[in-house]
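Below you'll find the structure, written out as structure tokens, and then a few comments.
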Amino acid sequence: MGNKDIIKITLNLVAICALAGVILSVTWTITNPVKLEKEAEELQAALKGLIPQADAINKAATFVSAGGKEGTIYKAVKGGKPIGYVVSAYTKGYSSFIKMLVAVDTDYRIIGIQILSEQETPGLGDNVDKKWFKDQFRGKTEDHLVVIKGETNTDIQAISGATISSRAVTNGVKAAVEALRAERAKDKAL
Amino acid sequence: MDTEKNPQEAGLFRASVGPHISSGESVPHIMWTVSAALMPAAGLSVYYFGLRALLILVVSMVSSVAFEALTQKLTGAKITAGDGSALLTGLLLGMNLPASVPFYLPIIGSAVAIIITKQLFGGLGYNIFNPALIGRAFLMASFPRFMTTWLVPHGSLSLARPDAVTGATPLGILKEEGYDKLLSHFAGRHDMYVQLLLGHRGGAMGETGVIALLFGAAYLLYKGYITWHIPVTFIATVAVLTAVFGGDPWLAILSGGLVLGAFFMATDYVTVPQLKKAQVAFGLGCGIITVLIRLEGGYPEGVCYAILLMNCFTPLLDRAFKAKKFGEAPVK
Amino acid sequence: MAADPAESAGDITDMFKDLFTIFIASAIINNFVFTRYLGLCIFFGVSKKMETALGMSMTFTAVMVISAALSWLVYNLVMLPLHIEFLRIVLFIGIVAGFVQFADTMLKKLNPTLYYKLGIYLVLITTNCIILAVPVINSDEKYNFLQSVTLGLGSGAGFSLALIIMASIRERLELANVPKPFQGMPIAFIVTGLIALAFLGFSGLITI
Amino acid sequence: MRITSFKGGVHPPDNKKATASLPIVDAKLPERVVIPMSMHIGAPAKPVVGVGDAVKKGQKIGEAQGAVSVPVHASISGKVIAVGNFPSPMGADAQAVVIESDGKDEWADDLTGHEDYLSLNPDVLRNIIKEAGIVGMGGATFPAHVKLSPPKEKKIKYAILNGAECEPYLTADARLMEEIPGDIIEGLKIIMTILRVTDGFVGIEDNKKAAIKAMTAEAGKVACELVVDTYYERDGIQYDVPKGCRMGVRVVPLPVKYPQGSEKQLIKAVTGLEVPPGHLPMDVGAVVQNVATAAAIYQAVRFGRPLIERVLTVTGPGINEPKNLRVRIGTLFEDIISQCGGINRKAAKVVMGGPMMGVAQASLGVPVIKGASGIVALSEKEAVNVMDFGPCIRCGRCIDVCPMGLNPSVLGQLIEKGRFEEAKEYGLMDCFECGSCSFVCPSGRPMVQFIKWAKRELAKKKAKAS
Amino acid sequence: MAFFLPLPSTGEGLGEGELQQAVLHPDLLNVVLKSLAFMGGIGAVFGLGLAYAAKKFAVKTDPKVQAVRDVLPGANCGACGFAGCQGYAEAVVGDPKVSPGLCTPGKADVAALVAKITGKAAPEVIPMVATVFCRGDECKAGRRFRYEGVRDCRAAILVAGGDKTCVYGCLGYGTCENACPFRAISMGADKLPVIDRDKCTACGVCVAACPKSIIHLTPSAKKVHILCSSHDKGPAVKKACEIGCIGCGLCSKGCPEGAISMDNNLAVIDYALCTHCETCVLLCPQRTIKDMLDPAKEQAERIKLPKKEPQARAAGER
Amino acid sequence: MAVSYKKLILNGIFSENPVFRLALSLCPAVAVTTSVRNGFLMGIAVLCVMTMVNITVSILRNLINPKVRIPAYILIIATYVSITDMVMSAYSRAAYKEMGLYIQLIVVFAIIISRAELFASKNKVLPSAVDGFGMGLGFLGALVLVGAVRELIGKGSIAGIHLTGGNPLLIMVLPTGGFFVIGLLMGLFNWIDQKYYGGRPGGVGGGHH
Ligand SMILES: Cc1cc2nc3c(=O)[nH]c(=O)nc-3n(C[C@H](O)[C@H](O)[C@H](O)COP(=O)(O)O)c2cc1C
Ligand SMILES: Cc1cc2nc3c(=O)[nH]c(=O)nc-3n(C[C@H](O)[C@H](O)[C@H](O)COP(=O)(O)O)c2cc1C
Ligand SMILES: Cc1cc2nc3c(=O)[nH]c(=O)nc-3n(C[C@H](O)[C@H](O)[C@H](O)COP(=O)(O)O)c2cc1C
Ligand SMILES: Cc1cc2nc3c(=O)[nH]c(=O)nc-3n(C[C@H](O)[C@H](O)[C@H](O)CO)c2cc1C
Ligand code: SF4
Ligand code: SF4
Ligand code: SF4
Ligand code: SF4
Ligand code: FES
């Protein structure tokens with residue numbers, strides 16, 4: 001094998017790489033905007049789903065959430081006046097980080113929560129995405145963000161067999177509200 | 001050649017390679033003895049948890065033996081379901097369940113224990129994992145709700161599923177609510193130890209009567225059917241580590257399934273290392289994992305998983321430790 | 001690269017704690033094979049004999065660490081600045097394939113004995129999920145260089161542990177009377193299922 | 001003064017009561033004997049007589065073939081009526097000479113003894129022992145003269161007589177020690193002379209009090225006969241051979257457990273030394289002979305009598321009148337048993353030797369050979385049936401009892417799957433087939449059969465390869 | 001301490017933050033160029049590296065070995081005398097003295113292919129088949145004692161040489177059945193092995209496995225066999241077995257081709273001379289000689305033989 | 001090589017089924033098959049990638065230098081996988097979220113490279129396409145089957161339709177259950193094979209070639 005072969009082999013590989021690069025960059029240029037747009041749409045839909053009466057919900061601040069991940073605070077505005085906030089935050093669950101949206105009114109009363117992603121045990125932990133569980137948070141203040149095993153009307157009832165996940169979400173909500181409080185204390189304009 | 005010289009007119013001699021006599025020990029004898037040694041504890045759990053407990057145990061044992069016979073028939077193997085090993089597996093599985101579970105749980109558990117864990121590997125002697133514990137872990141993963149609903153000792157004769165009266169296990173309370181709460185639950189430290197020893201507390205059927213378990217274990221030790229190596233290292237490791245991490249070592253020993261696990265399940269010949277040195281390592285590993293799970297894990301109790309995890313290492317331990325051959329320089 | 005809390009704190013012990021956690025998590029608690037169900041093809045393929053399992057373990061761990069390092073370098077120093085993250089799959093697997101081919105050629109010449117021992121495993125590595133999963137996690141989690149390499153090392157060690165356990169079990173199974181239809185791969189699956197069941201004991205090993 | 005014995009071992013019921021106190025009696029002169037040419041380890045002897053030849057008692061009828069072989073002698077006087085293949089108690093048929101008695105029982109004329117035997121040259125002694133056809137009578141039938149000819153570089157320090165008789169049922173050696181301790185000790189002195197050692201030992205299991213007593217008394221005499229001091233200490237034990245003695249013989253009571261009589265285990269118990277795997281006793285400076293062998297050596301050297309008879313125990317539930325008999329080599333089992341009241345319906349299995357290591361017999365038409373220490377007829381109930389043995393439950397009992405520190409459980413399982421080579425890595429070759437493992441196995445696994453089988457297959461393979 | 005590893009995932013995120021203009025509306029040309037440069041660079045680096053390595057560290061391998069390996073059956077039975085198929089492939093390519101026809105299971109076809117690849121002359125291969133030289137089943141030869149132990153012929157001979165009345169006869173514990181890598185042997189109801197002549201590849205594994213050495217490879221075209229291995233004298237044979245060769249020599253004398261000779265009380269056929277005339281089959285008083293040409297006749301003959309209960313030779317049950 | 005297309009496809013589905021026979025590409029078979037739907041989606045993704053890769057490799061087979069064959073094939077696979085990944089992320093977001101990482105891992109599935117290497121690099125375009133399609137179909141079938149069993153036992157439903165009440169065996173939708181189901185199915189197939197077709201014991205392979 002001579003030097004010519006080396007060049008040939010190299011060119012061979014370079015050609016394939018280049019071809020792949022071109023194809024992929026073209027595909028990406030086409031698909032990525034679509035993907036981002038859809039993501040944005042989904043986010044807006046999720047945010048709007050929590051505070052439907054808002055005119056606009058926009059990003060207002062970021063903070064460090066569980067596991068060093070970035071949390072975001074969105075401000076919901078109606079008629080130019082803030083009517084509430086949506087906090088996107090992480091919480092450490094049973095077997096994964098649970099990512100969720102927590103909607104709060106200006107008095108820090110929970111409006112609702114949304115689970116964005118989790119990888120808890122199917123059939124157990126993933127029941128945190130069940131409507132009855134999430135609905136419990138509506139109208140709660142921080143004092144009542146306590147997990148109870150068994151029936152409760154005032155606090156948060158644990159999903160049976162998944163107390164850890166239940167507690168994780170509840171604590172996550174609490175942490176989100178606290179983070180919002182802290183950010184608002186820092187940034188009066190918020 | 002001359003073959004007509006047969007002096008024994010009645011028939012043919014028997015012949016085999018030696019030895020021609022034996023100690024008379026047999027597998028069924030061992031298995032039935034171990035089952036018998038569990039009877040005091042089983043009796044105690046029936047006393048505490050009522051007739052229902054008895055029925056769960058019976059269902060578990062009968063279904064284990066039935067599954068054993070069934071699979072052996074299907075695979076065309078010799079049917080040895082009466083040798084007591086399946087019965088023992090069923091008994092231990094039953095003792096690992098709360099008395100409140102529905103009756104189909106022990107049946108599913110036995111199916112997993114006997115068919116998947118034992119017979120698919122070739123039956124007695126070949127399984128890698130402790131069948132009863134796999135049965136329990138399987139049920140735990142499948143029906144966590146049933147498996148963590150504990151009965152308060154009540155001695156009822158009713159067979160209905162008493163779903164209202166549930167009580168937490170000591171370790172559950174410890175994990176969820178802390179040591180002080182546990183003490184108040186038992187009205188004092190001394191009372192707690194006594195209650196735990198007598199088994200008057202929530203838990204799986206076989207876990208509760210520590211004193212009865214120790215009684216049976218002592219008998220097995222005396223008969224030489226089990227040796228001290230695994231149980232003692234296992235329990236000592238748990239006690240010491242618990243103390244090191246600031247826990248109550250006596251509570252650690254008396255609560256959970258430690259005594260049952262250490263004396264009756266971590267000693268199952270088939271699934272633990274053969275050599276005494278390796279057995280000590282096995283017990284040590286069991287102890288460390290148990291404490292890790294109890295202190296840090298998602299479960300309040302770790303004995304079952306600790307034994308199963310160490311079962312994974314049994315073939316490796318068997319390889320790692322070799323007996324000293326006669327005449328060989330001692331191995332370090 | 002992104003800010004990392006341990007790094008920015010600048011605390012050496014914290015950093016080691018963090019690295020240790022990553023190592024233990026990836027090697028034991030969240031073992032890729034038994035709790036993440038990755039790398040199964042090779043896991044089943046080479047765990048029949050202890051000898052091959054050991055060979056694969058060494059080879060795999062080495063390749064794992066090197067490719068984690070290389071991937072991190074190229075990804076963080078070239079791709080991120082250029083905004084061409086979308087090429088990362090191609091790049092990660094390309095690095096592994098290229099490196100493996102390179103090592104294969106070299107080893108064959110330089111140390112034939114080692115090649116006959118380990119060479120066959122080299123080729124297999126390119127078709128192992130873990131080899132791709134690790135750089136993907138590293139980029140997803142925005143791990144720094146040391147963390148990435150630790151994850152590579154931990155994953156390699158974890159895979160080795162899984163292989164060695166499995167090989168010892170399968171060698172013992174050769175003495176067992178497994179029913180004919182279940183001999184070989186089926187019983188290996190059942191064993192892995194049972195080990196995974198045991199590893200559930202580690203699940204939730206987190207503080208709350 | 002007990003020394004630690006070996007690790008492991010088992011305690012089978014000893015069942016020696018029936019014959020322990022029965023004196024040795026001479027068996028009736030057989031009408032016909034079948035004398036196999038191979039009663040020893042090594043090449044079979046070659047017949048030197050033909051059909052029709054008249055022979056006398058003690059006359060050589062088979063010539064040794066090679067170094068590890070011994071000649072064979074007529075055990076009665078009479079006429080050779082056949083030379084050919086006949087059933088042997090060791091298994092397959094083997095070449096044998098059949099002699100019909102003339103009833104005269106005359107000794108051959110050329111047998112000469114030596115009055116002053118201890119002053120003979122060792123080489124002369126060895127030759128006498130060889131020519132007398134003496135092999136180990138403890139069961140292994142290894143030619144005694146070979147054992148007594150260690151290579152020069154091996155310094156022998158201990159001559160040990162094996163009076164352990166750890167097999168259940170057997171009492172022949174114990175009776176010998178009680179009845180003719182003098183012969184045995186003289187034999188030992190000859191052995192010590194040949195090997196030029198000063199330290200003689202007799203190991204006897206502690207349950208044979210009478211034998212220990214008789215032998216101790218006899219050994220004491222040795223100490224007083226000869227000159228030169230020997231004081232020494234070994235392993236914390238003081239051995240003080242009385243002043244003025246050159247040779248010392250010490251009787252060592254041994255813990256009662258099987259296989260205490262096995263060579264390596266005996267050496268360990270007596271001297272504290274362990275013979276390393278793959279090595280011979282002489283590598284630690286020891287030579288072990290059975291007590292009966294020693295007595296036979298004395299007989300050969302002193303009176304010139306070749307090995308033509310031996311003492312054996314005929315016992316077991318299947319024998320009507322258990323006895324300790326002195327029988328001619330070549331006597332058929334059936335003839336012997338008929339002198340013991342015959343065999344009864346209880347007998348399910350007839351074993352040559354003890355029930356642990358003995359060889360089960362297909363029929364009683366087999367002759368007594370030099371290594372036959374007993375005939376035991378076991379009952380249906382006590383003879384273990386290994387036909388439907390179960391799988392190993394890994395209980396580890398066999399590992400605990402194996403006196404060689406092997407793992408019989410793994411050996412058995414490997415061999416069961418035909419993996420002989422791997423069994424070798426687990427120490428297959430170090431197993432001396434004592435059967436302790438099978439004895440304790442709750443699954444009744446025939447480990448000894450597995451092991452013998454594997455050794456045979458490996459030997460076959462090796463023979464094929466070379 | 002939290003031993004907790006995140007699962008890698010891509011599907012997790014909702015696009016957050018302001019969408020960068022550049023990312024949302026990428027400049028196609030810019031992206032393509034960057035990718036092209038990057039991928040080209042990567043390709044060049046790897047290409048050069050690999051090509052250089054391939055040159056610098058080139059090792060010669062013989063493709064013939066693989067080719068031979070591909071045509072071999074891959075049973076690793078060892079009939080060729082090498083360590084498995086790979087061993088034979090290496091030897092036959094590397095060593096000019098190794099014949100291409102050593103793979104018995106492969107028969108002539110494989111021999112021809114191997115010969116072609118290695119450029120050696122194709123050897124002549126006479127197709128062979130395994131034949132069991134014993135007909136002393138449970139009815140015709142009995143047991144001397146009740147054997148107890150491992151059910152394997154090689155283990156059974158450890159006890160007094162085997163329990164069959166005939167010391168040369170088949171023990172019937174099926175070692176050959178288990179040994180045959182091609183599953184060509186099954187133990188018949190009469191405890192004698194039956195060889196499936198279609199499945200048998202003449203690998204010889206059973207021949208080596210049988211401790212009584214009573215399986216032999218015979219030319220598969222030849223179908224008259226003297227199925228006895230006993231070298232005992234006539235009376236002894238008669239006592240031990242009904243169907244054994246008593247060494248009377250009638251067949252030897254009667255064979256028109258002179259194909260049968262007597263070897264130490266046992267008649268042996270020289271297959272090279274046998275012409276299937278069947279004279280011997282009719283002559284043999286013990287019916288030891290089996291004619292496989294006409295199985296129906298053989299069957300009829302078997303039925304004619306008086307049947308006895310198993311162990312009839314033994315002195316009855318206890 | 002004379003090939004019957006039907007045989008090629010049947011080959012992929014039965015005698016050389018990637019999961020049950022060749023024991024390749026097992027991770028997704030265990031991890032994503034918690035339901036019929038997931039198994040189906042994954043199978044489709046693999047089917048597409050495989051067919052395209054085989055076609056591409058077959059077209060380029062004479063242009064690629066044997067010295068860089070493996071890296072080149074992997075590049076081709078990676079390209080197709082990336083395309084699938086991007087397209088799914090843009091146009092099939094729900095499925096993409098569930099498949100998560102495993103779409104990217106298609107790159108390393110041994111079955112794809114092994115078909116490229118063993119078949120497509122030696123055959124014309126059409127047979128290669130059919131081979132890839134057949135293998136993909138076999139993979140798809142296996143995943144759907146495993147998914148169906150697990151969904152039925154673990155959730156009491158099939159393809160999302162509820163069939164049984166009561167408490168399902170939760171463990172079956174955990175990956176642990178995946179191992180059991182595949183192991184038991186493999187054993188079952190072997191048993192059928194041995195009983196009715198006289199197959200070899202331990203019929204399933206598990207090699208990488
Ligand atoms: C396989 C398995 C998966 C589990 N997954 C979860 C989970 O996703 N979330 C959770 O909180 N607990 C999970 N658990 C933990 C137990 O169910 C634990 O006992 C429970 O969280 C305690 O809740 P309880 O107090 O209601 O019993 C899981 C347990 C097992 C065996
Ligand atoms: C090949 C071989 C050579 C032997 N050589 C000697 C020897 O030179 N000296 C000796 O004392 N014993 C020798 N022996 C005998 C053994 O040490 C041992 O005494 C004999 O095998 C019987 O012992 P056992 O009854 O404990 O099995 C030899 C044995 C064998 C098999
Ligand atoms: C398990 C076992 C037990 C033995 N028991 C005795 C015994 O009790 N008495 C005895 O003299 N030899 C016994 N032997 C034989 C001895 O190992 C050794 O061969 C013999 O003592 C040497 O003496 P010999 O060559 O004079 O027979 C036993 C051997 C074995 C393997
Ligand atoms: C001391 C002892 C302990 C045993 N422990 C168990 C056990 O924990 N679980 C079980 O299923 N079987 C147990 N067995 C029974 C038996 O060994 C078990 O069924 C085998 O694992 C089946 O191969 C035990 C047997 C003995 C002798
Ligand atoms: S393995 Fe050999 S030496 Fe050990 S106990 Fe068994 S028979 Fe005796
Ligand atoms: S004594 Fe028997 S069952 Fe126990 S380990 Fe040994 S061989 Fe196995
Ligand atoms: S032919 Fe040989 S191996 Fe086969 S059953 Fe008969 S004796 Fe056994
Ligand atoms: S019958 Fe014998 S020669 Fe024929 S294939 Fe089987 S083992 Fe080989
Ligand atoms: S799919 Fe093969 S290793 Fe993951």
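Labeling convention for the structure tokens: chains A, B, ... as they appear, residues from 1 per chain, ligands from 1 in order of appearance.
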
* **Shell of 7 Å around stretch 32-35 of chain F, only C-alpha atoms, local chain residues under 3 positions omitted, as a list in words** =>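 Surrounding residues, per the criterion: Pro28, Ala29, Asn38, Gly39, Leu143, Val146, Gly147, Ala148, Arg150, Glu151, Ala159 and Val173 of chain F.
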
Based on the selection just made, write N, CA and C atoms of those residues as a short mmCIF file (atom, residue, chain, number, x, y, z; two decimals), in the first residue's frame.
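Everything below was put into part_38.cif:
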```cif
data_model
loop_
_atom_site.label_atom_id
_atom_site.label_comp_id
_atom_site.auth_asym_id
_atom_site.auth_seq_id
_atom_site.Cartn_x
_atom_site.Cartn_y
_atom_site.Cartn_z
N PRO F 28 -33.47 -2.14 23.23
CA PRO F 28 -34.82 -1.63 23.03
C PRO F 28 -35.86 -2.72 23.27
N ALA F 29 -35.50 -3.96 22.96
CA ALA F 29 -36.46 -5.04 23.14
C ALA F 29 -36.85 -5.17 24.60
N ASN F 38 -45.46 1.43 21.98
CA ASN F 38 -44.05 1.76 22.02
C ASN F 38 -43.23 0.79 21.18
N GLY F 39 -43.54 -0.49 21.31
CA GLY F 39 -42.82 -1.48 20.53
C GLY F 39 -43.00 -1.20 19.04
N LEU F 143 -40.77 -6.88 18.72
CA LEU F 143 -41.04 -5.82 19.69
C LEU F 143 -42.53 -5.72 19.99
N VAL F 146 -43.50 -8.74 22.21
CA VAL F 146 -43.07 -8.55 23.60
C VAL F 146 -43.91 -7.46 24.25
N GLY F 147 -44.11 -6.38 23.51
CA GLY F 147 -44.92 -5.28 24.04
C GLY F 147 -46.32 -5.75 24.39
N ALA F 148 -46.89 -6.58 23.52
CA ALA F 148 -48.26 -7.04 23.75
C ALA F 148 -48.34 -7.87 25.02
N ARG F 150 -46.31 -7.91 27.57
CA ARG F 150 -46.06 -7.12 28.77
C ARG F 150 -47.22 -6.20 29.08
N GLU F 151 -47.79 -5.62 28.03
CA GLU F 151 -48.90 -4.71 28.28
C GLU F 151 -50.08 -5.48 28.85
N ALA F 159 -52.68 -2.70 23.33
CA ALA F 159 -52.73 -1.53 22.49
C ALA F 159 -53.63 -0.47 23.11
N VAL F 173 -44.35 -4.26 33.44
CA VAL F 173 -44.02 -3.05 32.71
C VAL F 173 -42.73 -2.43 33.20
#
```

* Asked: Can you list, as a ChimeraX atom specification, every protein, DNA or RNA residue that comes within 7 Å of stretch 78-93 of chain A when you count only C-alpha atoms, leaving out same-chain residues fewer than 5 positions away?
  -> /A:47,54-56,65-66,71-73,98-106,164-165,168-169,172,176

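For F:Ile59, the non-local neighbours within 10 Å, defined as residues at least 6 positions apart in the same chain or in other chains and counting only C-alpha atoms, are Val53, Ala120, Ser121, Asn123, Lys124, Val125, Leu126 and Ser128 of chain F.
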
For chain D, list the residues within 10 Å of chain E, counting only C-alpha atoms, and write the list as a compact mmCIF listing (two decimals) with N, CA and C atoms, in the first residue's frame.
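Output below, filename iface.txt:
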```
# COMPACT_ATOMS: atom_id res chain seq x y z
N PRO D 87 -12.33 -65.19 37.30
CA PRO D 87 -12.82 -63.98 37.98
C PRO D 87 -11.89 -63.60 39.11
N SER D 88 -11.70 -62.30 39.24
CA SER D 88 -10.85 -61.81 40.32
C SER D 88 -11.67 -60.85 41.17
N PRO D 89 -11.36 -60.73 42.44
CA PRO D 89 -12.15 -59.83 43.28
C PRO D 89 -11.95 -58.37 42.92
N MET D 90 -10.95 -58.07 42.10
CA MET D 90 -10.69 -56.68 41.76
C MET D 90 -11.54 -56.18 40.60
N GLY D 91 -12.36 -57.05 40.01
CA GLY D 91 -13.18 -56.60 38.89
C GLY D 91 -13.13 -57.58 37.75
N ALA D 92 -12.64 -57.10 36.61
CA ALA D 92 -12.65 -57.95 35.42
C ALA D 92 -11.80 -59.22 35.65
N ASP D 93 -11.98 -60.21 34.78
CA ASP D 93 -11.22 -61.46 34.89
C ASP D 93 -9.73 -61.21 34.77
N ARG D 345 -29.82 -64.87 54.40
CA ARG D 345 -30.69 -64.13 53.50
C ARG D 345 -30.54 -62.61 53.64
N ALA D 348 -27.01 -58.64 51.20
CA ALA D 348 -27.41 -58.04 49.93
C ALA D 348 -26.20 -57.69 49.10
N LYS D 349 -25.08 -57.52 49.80
CA LYS D 349 -23.90 -57.02 49.11
C LYS D 349 -22.69 -57.62 49.81
N VAL D 359 -14.27 -53.52 47.86
CA VAL D 359 -14.73 -53.74 46.49
C VAL D 359 -15.91 -54.70 46.52
N ALA D 360 -17.04 -54.25 45.98
CA ALA D 360 -18.23 -55.11 45.99
C ALA D 360 -18.03 -56.25 45.01
N GLN D 361 -18.51 -57.42 45.38
CA GLN D 361 -18.28 -58.61 44.57
C GLN D 361 -19.55 -59.02 43.82
N ALA D 362 -19.34 -59.45 42.59
CA ALA D 362 -20.47 -59.90 41.80
C ALA D 362 -20.87 -61.31 42.20
N SER D 363 -19.87 -62.10 42.63
CA SER D 363 -20.17 -63.47 43.03
C SER D 363 -19.16 -63.89 44.08
N VAL D 384 -25.92 -48.84 51.14
CA VAL D 384 -26.55 -47.67 50.56
C VAL D 384 -26.80 -47.89 49.07
N ASN D 385 -27.96 -47.42 48.63
CA ASN D 385 -28.28 -47.56 47.21
C ASN D 385 -28.05 -46.24 46.50
N VAL D 386 -27.10 -46.23 45.58
CA VAL D 386 -26.79 -44.98 44.90
C VAL D 386 -27.43 -44.91 43.53
N MET D 387 -28.34 -45.82 43.26
CA MET D 387 -28.91 -45.84 41.90
C MET D 387 -29.64 -44.55 41.59
N ASP D 388 -30.45 -44.09 42.54
CA ASP D 388 -31.17 -42.85 42.23
C ASP D 388 -30.68 -41.72 43.11
N PHE D 389 -29.41 -41.42 42.97
CA PHE D 389 -28.87 -40.30 43.72
C PHE D 389 -29.45 -38.99 43.16
N GLU D 416 -19.83 -35.41 36.29
CA GLU D 416 -21.17 -35.80 35.83
C GLU D 416 -21.44 -35.23 34.44
N GLY D 418 -19.10 -34.72 32.31
CA GLY D 418 -18.05 -35.17 31.40
C GLY D 418 -16.88 -34.22 31.29
N ARG D 445 -24.74 -38.89 46.61
CA ARG D 445 -24.02 -38.83 45.34
C ARG D 445 -22.77 -39.71 45.36
N PRO D 446 -22.58 -40.49 44.30
CA PRO D 446 -21.45 -41.43 44.26
C PRO D 446 -20.16 -40.75 43.82
N MET D 447 -19.63 -39.89 44.66
CA MET D 447 -18.45 -39.12 44.27
C MET D 447 -17.27 -40.02 43.92
N GLN D 449 -17.23 -42.98 42.68
CA GLN D 449 -17.36 -43.55 41.35
C GLN D 449 -17.05 -42.50 40.28
N PHE D 450 -17.59 -41.29 40.50
CA PHE D 450 -17.28 -40.22 39.56
C PHE D 450 -15.77 -40.06 39.44
N ILE D 451 -15.12 -40.02 40.59
CA ILE D 451 -13.70 -39.71 40.59
C ILE D 451 -12.89 -40.82 39.93
N LYS D 452 -13.25 -42.06 40.26
CA LYS D 452 -12.53 -43.18 39.62
C LYS D 452 -12.73 -43.15 38.12
N TRP D 453 -13.96 -42.85 37.75
CA TRP D 453 -14.29 -42.80 36.33
C TRP D 453 -13.43 -41.75 35.63
N ALA D 454 -13.38 -40.56 36.23
CA ALA D 454 -12.63 -39.48 35.60
C ALA D 454 -11.15 -39.82 35.52
N ARG D 456 -9.83 -42.67 35.28
CA ARG D 456 -9.66 -43.68 34.25
C ARG D 456 -9.71 -43.06 32.86
N GLU D 457 -10.69 -42.15 32.66
CA GLU D 457 -10.80 -41.52 31.35
C GLU D 457 -9.55 -40.71 31.04
```

* Using only C-alpha atoms, determine which residues lie at most 8 Å from F:Met186, disregarding the query and same-chain residues fewer than 6 positions distant; provide the list as a list in words. => Phe182, Met185 and Pro186 of chain C; Phe20 and Val204 of chain F

Output the selection as a short mmCIF file (atom, residue, chain, number, x, y, z; two decimals), in the first residue's frame - all heavy atoms for each residue.
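Now in again.cif:
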```
data_model
loop_
_atom_site.label_atom_id
_atom_site.label_comp_id
_atom_site.auth_asym_id
_atom_site.auth_seq_id
_atom_site.Cartn_x
_atom_site.Cartn_y
_atom_site.Cartn_z
N PHE C 182 -34.64 -24.05 27.31
CA PHE C 182 -34.21 -22.84 27.99
C PHE C 182 -32.70 -22.71 28.07
O PHE C 182 -32.19 -21.72 28.58
CB PHE C 182 -34.82 -22.79 29.39
CG PHE C 182 -36.26 -22.38 29.36
CD1 PHE C 182 -37.25 -23.34 29.26
CD2 PHE C 182 -36.61 -21.05 29.38
CE1 PHE C 182 -38.57 -22.96 29.19
CE2 PHE C 182 -37.93 -20.66 29.31
CZ PHE C 182 -38.91 -21.63 29.21
N MET C 185 -29.46 -18.78 25.66
CA MET C 185 -29.94 -17.41 25.80
C MET C 185 -31.19 -17.26 26.70
O MET C 185 -31.23 -16.37 27.53
CB MET C 185 -30.20 -16.87 24.40
CG MET C 185 -30.05 -15.40 24.27
SD MET C 185 -28.59 -14.72 25.02
CE MET C 185 -27.39 -15.11 23.79
N PRO C 186 -32.19 -18.12 26.57
CA PRO C 186 -33.38 -17.89 27.39
C PRO C 186 -33.07 -17.85 28.88
O PRO C 186 -33.50 -16.92 29.58
CB PRO C 186 -34.29 -19.08 27.05
CG PRO C 186 -33.86 -19.53 25.72
CD PRO C 186 -32.39 -19.25 25.64
N PHE F 20 -35.23 -12.85 18.80
CA PHE F 20 -35.39 -14.18 19.37
C PHE F 20 -34.36 -15.18 18.88
O PHE F 20 -34.07 -16.16 19.55
CB PHE F 20 -36.80 -14.71 19.09
CG PHE F 20 -37.85 -13.95 19.83
CD1 PHE F 20 -38.82 -13.25 19.17
CD2 PHE F 20 -37.83 -13.93 21.21
CE1 PHE F 20 -39.78 -12.54 19.87
CE2 PHE F 20 -38.78 -13.22 21.93
CZ PHE F 20 -39.75 -12.53 21.24
N VAL F 204 -31.07 -20.51 20.02
CA VAL F 204 -30.81 -19.11 19.82
C VAL F 204 -29.33 -18.84 19.92
O VAL F 204 -28.62 -19.42 20.70
CB VAL F 204 -31.54 -18.25 20.85
CG1 VAL F 204 -33.00 -18.20 20.53
CG2 VAL F 204 -31.28 -18.75 22.23
#
```
